[in-house]
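K.L.:
Below is the file work-v3.txt, which contains compact mmCIF, C-alpha atoms.
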```
# COMPACT_ATOMS: atom_id res chain seq x y z
CA MET Z 7 89.81 138.50 71.70
CA THR Z 8 92.13 135.53 72.18
CA SER Z 9 95.44 135.80 70.33
CA MET Z 10 96.16 133.08 67.74
CA THR Z 11 99.62 132.68 69.28
CA GLN Z 12 98.39 132.28 72.85
CA GLN Z 13 100.17 129.49 74.73
CA PRO Z 14 98.06 126.47 75.83
CA PRO Z 15 97.01 126.38 79.49
CA GLU Z 16 99.63 125.29 82.01
CA GLY Z 17 97.90 121.97 82.66
CA LYS Z 18 97.75 121.13 78.98
CA ARG Z 19 101.42 122.04 78.47
CA ALA Z 20 102.39 119.83 81.40
CA ALA Z 21 100.37 116.94 79.99
CA GLN Z 22 101.98 117.39 76.58
CA GLY Z 23 105.40 117.44 78.21
CA ARG Z 24 104.70 114.21 80.10
CA ALA Z 25 103.42 112.57 76.92
CA THR Z 26 106.55 113.58 75.00
CA ARG Z 27 108.81 112.31 77.78
CA GLU Z 28 106.98 108.98 77.96
CA GLN Z 29 107.11 108.64 74.18
CA LEU Z 30 110.87 109.23 74.17
CA ILE Z 31 111.40 106.65 76.90
CA GLU Z 32 109.22 104.10 75.06
CA VAL Z 33 111.03 104.60 71.76
CA ALA Z 34 114.45 104.65 73.38
CA THR Z 35 113.67 101.43 75.26
CA ARG Z 36 112.94 99.69 71.98
CA LEU Z 37 116.07 101.03 70.29
CA PHE Z 38 118.38 100.33 73.24
CA THR Z 39 117.01 96.78 73.37
CA GLU Z 40 117.54 96.19 69.66
CA TYR Z 41 120.83 98.00 69.09
CA GLY Z 42 122.34 98.41 72.55
CA TYR Z 43 123.53 101.60 74.21
CA GLU Z 44 126.53 102.11 71.94
CA GLY Z 45 124.56 101.32 68.81
CA THR Z 46 121.76 103.79 69.54
CA SER Z 47 122.24 107.45 68.64
CA ILE Z 48 120.25 110.47 69.69
CA GLU Z 49 119.49 111.01 65.99
CA ALA Z 50 117.92 107.55 65.79
CA VAL Z 51 115.73 108.27 68.80
CA LEU Z 52 114.63 111.63 67.36
CA SER Z 53 113.77 110.04 64.02
CA ALA Z 54 111.84 107.14 65.54
CA ALA Z 55 109.98 109.34 68.02
CA GLY Z 56 109.26 112.09 65.53
CA VAL Z 57 110.25 114.87 67.92
CA SER Z 58 112.67 117.76 67.66
CA ARG Z 59 116.12 117.84 69.20
CA GLY Z 60 114.97 120.71 71.40
CA ALA Z 61 112.08 118.64 72.73
CA LEU Z 62 114.41 115.80 73.68
CA TYR Z 63 116.95 118.05 75.36
CA HIS Z 64 114.15 119.78 77.26
CA HIS Z 65 113.68 116.49 79.12
CA PHE Z 66 117.11 114.85 78.99
CA ALA Z 67 120.63 116.28 79.10
CA GLY Z 68 121.89 113.67 76.63
CA LYS Z 69 121.95 110.00 75.70
CA GLU Z 70 123.14 108.81 79.12
CA ALA Z 71 120.36 110.73 80.88
CA LEU Z 72 117.82 109.24 78.48
CA PHE Z 73 119.25 105.78 79.08
CA GLU Z 74 119.04 106.34 82.84
CA ALA Z 75 115.36 107.23 82.49
CA VAL Z 76 114.82 104.04 80.49
CA VAL Z 77 116.57 101.95 83.17
CA LEU Z 78 114.60 103.57 86.00
CA ALA Z 79 111.30 103.04 84.17
CA LEU Z 80 112.24 99.42 83.56
CA SER Z 81 113.21 99.03 87.22
CA ASP Z 82 109.79 100.32 88.28
CA ARG Z 83 108.13 97.87 85.90
CA ILE Z 84 110.16 94.96 87.26
CA THR Z 85 109.30 95.94 90.83
CA ALA Z 86 105.61 96.05 89.95
CA GLU Z 87 105.80 92.64 88.24
CA LEU Z 88 107.60 91.04 91.18
CA GLY Z 89 105.10 92.58 93.57
CA GLU Z 90 102.27 91.05 91.58
CA VAL Z 91 103.98 87.64 91.56
CA VAL Z 92 104.24 87.51 95.37
CA ARG Z 93 100.93 89.23 96.12
CA ASP Z 94 99.21 86.05 97.29
CA CYS Z 95 102.19 84.62 99.20
CA THR Z 96 101.59 84.44 102.95
CA ASP Z 97 104.69 82.54 104.02
CA PRO Z 98 107.84 84.74 104.07
CA VAL Z 99 110.13 82.00 102.78
CA ASP Z 100 107.71 81.19 99.98
CA MET Z 101 107.57 84.89 99.16
CA LEU Z 102 111.37 85.11 99.02
CA ARG Z 103 111.65 82.00 96.86
CA THR Z 104 108.90 83.16 94.50
CA ALA Z 105 110.43 86.61 94.07
CA ALA Z 106 113.93 85.22 93.55
CA LEU Z 107 112.80 82.73 90.92
CA ALA Z 108 110.76 85.40 89.13
CA TRP Z 109 113.86 87.64 88.98
CA ILE Z 110 115.84 84.73 87.53
CA ASP Z 111 113.13 84.23 84.88
CA LEU Z 112 113.22 87.92 83.96
CA ALA Z 113 116.91 87.62 83.12
CA ALA Z 114 115.86 85.90 79.88
CA ASN Z 115 113.52 88.74 78.89
CA PRO Z 116 115.21 90.54 75.93
CA VAL Z 117 114.49 94.04 77.26
CA VAL Z 118 115.61 93.29 80.82
CA GLN Z 119 118.57 91.34 79.53
CA ARG Z 120 120.00 93.94 77.15
CA VAL Z 121 119.08 97.18 78.93
CA MET Z 122 119.20 96.30 82.62
CA LEU Z 123 121.74 93.47 82.78
CA VAL Z 124 124.17 93.98 79.90
CA ASP Z 125 124.40 97.71 79.16
CA ALA Z 126 123.39 99.38 82.43
CA PRO Z 127 126.27 98.00 84.56
CA SER Z 128 128.70 98.98 81.80
CA VAL Z 129 127.31 102.50 81.31
CA PHE Z 130 126.84 103.39 84.99
CA GLY Z 131 129.38 101.19 86.76
CA TRP Z 132 128.58 98.51 89.33
CA ASP Z 133 128.04 100.74 92.37
CA ARG Z 134 125.73 103.20 90.62
CA TRP Z 135 123.82 100.38 88.94
CA ARG Z 136 123.23 98.66 92.28
CA ASP Z 137 122.12 101.93 93.91
CA MET Z 138 119.75 103.08 91.16
CA ASP Z 139 116.65 101.80 92.93
CA GLY Z 140 117.47 103.81 96.03
CA GLY Z 141 117.90 100.74 98.20
CA ARG Z 142 114.37 99.53 97.46
CA THR Z 143 115.46 95.99 96.55
CA LEU Z 144 117.75 95.64 99.56
CA GLY Z 145 115.00 96.92 101.84
CA THR Z 146 112.56 94.37 100.44
CA MET Z 147 115.10 91.58 100.87
CA GLN Z 148 115.70 92.58 104.49
CA ALA Z 149 111.96 92.68 105.17
CA MET Z 150 111.46 89.18 103.79
CA LEU Z 151 114.40 87.75 105.73
CA GLN Z 152 113.27 89.53 108.88
CA ALA Z 153 109.85 87.94 108.47
CA ALA Z 154 111.54 84.54 108.04
CA SER Z 155 113.60 85.21 111.16
CA ASP Z 156 110.47 86.11 113.09
CA THR Z 157 109.13 82.62 112.35
CA GLY Z 158 112.33 81.01 113.64
CA ARG Z 159 113.82 80.01 110.31
CA LEU Z 160 116.81 82.35 110.40
CA PRO Z 161 118.87 83.55 113.39
CA PRO Z 162 118.24 87.31 113.75
CA GLN Z 163 121.93 88.25 113.58
CA PHE Z 164 122.04 86.96 110.00
CA VAL Z 165 119.18 89.06 108.60
CA THR Z 166 121.28 92.05 107.50
CA PRO Z 167 124.41 90.24 106.24
CA PHE Z 168 122.35 87.58 104.46
CA SER Z 169 120.27 90.31 102.80
CA HIS Z 170 123.41 91.73 101.19
CA MET Z 171 124.79 88.29 100.36
CA LEU Z 172 121.58 87.00 98.77
CA LEU Z 173 121.03 90.17 96.76
CA ALA Z 174 124.61 90.05 95.47
CA ALA Z 175 124.28 86.36 94.60
CA LEU Z 176 121.02 86.87 92.71
CA ASP Z 177 122.37 89.89 90.83
CA GLU Z 178 125.51 87.99 89.84
CA LEU Z 179 123.41 85.05 88.69
CA VAL Z 180 121.15 87.14 86.46
CA LEU Z 181 124.20 88.85 84.96
CA VAL Z 182 125.61 85.41 84.09
CA ILE Z 183 122.26 84.39 82.54
CA ALA Z 184 122.09 87.60 80.51
CA ARG Z 185 125.49 86.87 78.96
CA SER Z 186 124.85 83.18 78.37
CA ASP Z 187 124.65 81.77 74.84
CA ASP Z 188 121.71 79.61 75.97
CA SER Z 189 119.43 81.70 78.17
CA GLU Z 190 116.85 78.95 78.59
CA ALA Z 191 119.38 76.47 79.94
CA ALA Z 192 121.01 79.14 82.11
CA VAL Z 193 117.65 80.08 83.63
CA ALA Z 194 116.87 76.43 84.39
CA GLU Z 195 120.24 75.97 86.09
CA GLY Z 196 119.80 79.25 87.94
CA ARG Z 197 116.39 78.26 89.26
CA MET Z 198 117.77 74.97 90.60
CA ALA Z 199 120.68 76.79 92.23
CA VAL Z 200 118.37 79.31 93.92
CA GLU Z 201 116.10 76.57 95.23
CA GLU Z 202 119.09 74.67 96.65
CA LEU Z 203 120.61 77.79 98.21
CA LEU Z 204 117.40 78.82 99.96
CA ASN Z 205 116.73 75.27 101.15
CA ARG Z 206 120.16 75.18 102.78
CA LEU Z 207 120.05 78.75 104.07
CA LEU Z 208 116.62 78.79 105.71
CA ARG Z 209 115.31 76.28 108.20
CA PRO Z 210 112.21 74.29 107.19
```
Here is the file; what I need is its structure written in the form of structure tokens.
P.N.:
Amino acid sequence: MTSMTQQPPEGKRAAQGRATREQLIEVATRLFTEYGYEGTSIEAVLSAAGVSRGALYHHFAGKEALFEAVVLALSDRITAELGEVVRDCTDPVDMLRTAALAWIDLAANPVVQRVMLVDAPSVFGWDRWRDMDGGRTLGTMQAMLQAASDTGRLPPQFVTPFSHMLLAALDELVLVIARSDDSEAAVAEGRMAVEELLNRLLRP
């Protein structure tokens, strides 16, 4: 006879654990966006998610660990969105321009703005914030510039240094947009600046 207190099968427990973790990240994303990192407490997350303190601490060591999971999930979402935007681009320079402009546009998104661009650099520090994607963004930038170089539009010795320079410039620009009182105007100015920079940087 099966005991009434028998634990659910391993697969079911794992699925329940994943569902709880995803729920916590979803709820925390909403709260961090609305109230910011400092204005969001663990108690608020527990109340909104309807889970126990033990369930939260089973997945996350504390508020900073939960916030890191939110930032990483958002980073994955941004990467997927940018990948979709450039999916049909065949020219490497067009791909770079399209991706850069899409990143500028995302700086006005309230979730990206508050979580990724305002609070994350403050909570984690600049170096850790830049490294949180494991070099994925830098690698993509290098690949696009290498492809542009292969078509003769960039001297090969500039691929690596320009990758770092462009990434830093774009990140600085989106941080400025995120802190602007007029995001729409800041995005428009940013788009024009990116277009001009790439036109001057890369040969036609």
K.L.:
List as a PyMOL selection string the protein and nucleic acid residues near Z:Ser53, meaning an atom at most 12 Å away when only C-alpha atoms are counted, but skip any in the same chain fewer than 3 places from it.
P.N.:
chain Z and resi 30+33-34+37+46-50+56-59+62
K.L.:
As AutoDock Vina command-line options, please: the centre and edge lengths in Å, to one decimal, of an axis-aligned box enclosing every listed atom of stretch 130-149 of chain Z with 6 Å added on each side.
P.N.:
```
--center_x 120.7 --center_y 97.7 --center_z 95.1 --size_x 29.4 --size_y 24.2 --size_z 32.2
```
K.L.:
Kindly give the distance, in Å, that separates atom CA of Z:Asp156 and atom CA of Z:Val200, rounded to a single decimal.
P.N.:
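These atoms are spaced 21.8 Å apart.
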K.L.:
What is the distance, in Å and to one decimal place, between atom CA of Z:Gly196 and atom CA of Z:Ile110?
P.N.:
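Between these atoms lies a distance of 6.8 Å.
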K.L.:
Excluding stretch 174-183 of chain Z and residues on its chain fewer than 6 positions from it, collect all residues at most 6 Å away from it, counting only C-alpha atoms, and give them as a VMD selection string.
P.N.:
chain Z and resid 110 113 123 189 192
K.L.:
Nearest to Z:Thr35 among Z:Met101, Z:Val121, Z:Ala20, Z:Ala61, with distances taken over all atoms listed in the file: which residue is it?
P.N.:
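Looking at the shortest contact to Z:Thr35, the residue is Z:Val121.
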K.L.:
Identify which of the residues Z:Ala86, Z:Ser169, Z:Val124, Z:Val99 lies closest to Z:Arg209, counting only C-alpha atoms when measuring atom-to-atom distances.
P.N.:
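Closest to Z:Arg209 of all the choices is Z:Val99.
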K.L.:
So how many Å separate atom CA of Z:Gly45 and atom CA of Z:Asp137, to one decimal?
P.N.:
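Going from atom CA of Z:Gly45 over to atom CA of Z:Asp137, I get 25.2 Å.
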K.L.:
Which polymer residues, protein or nucleic acid, are no farther than 10 Å from (123.3, 97.6, 82.3), counting all atoms listed in the file, as a VMD selection string?
P.N.:
chain Z and resid 42 to 43 73 to 74 77 118 to 132 135 181
K.L.:
With distances taken over only C-alpha atoms, which residue among Z:Asp97, Z:Thr85, Z:Ala114, Z:Gln152 lies nearest Z:Ser186?
P.N.:
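Going through Z:Asp97, Z:Thr85, Z:Ala114, Z:Gln152 one by one, the smallest distance to Z:Ser186 is for Z:Ala114.
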K.L.:
Using all atoms listed in the file for the distances, tell me which of Z:Phe164, Z:Val117, Z:Arg103, Z:Arg134 is nearest to Z:Met198.
P.N.:
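Nearest candidate to Z:Met198 out of Z:Phe164, Z:Val117, Z:Arg103, Z:Arg134: Z:Arg103.
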K.L.:
Go through Z:Val193, Z:Val92, Z:Leu107, Z:Leu102 one by one, measure the shortest atom-to-atom distance of each to Z:Gln148 using all atoms listed in the file, and give the residue with the smallest value.
P.N.:
Z:Leu102
K.L.:
Considering all atoms listed in the file, can you say which of Z:Arg136, Z:Glu195, Z:Pro98, Z:Arg19 comes closest to Z:Ala154?
P.N.:
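Among the listed residues, the smallest separation from Z:Ala154 belongs to Z:Pro98.
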K.L.:
Quick one: everything within 12 Å of Z:Glu28, counting all atoms listed in the file, minus sequence neighbours fewer than 3 positions away in the same chain. Send it as a ChimeraX atom specification.
P.N.:
/Z:21-25,31-35,55,62,65-66,72,75-76,79
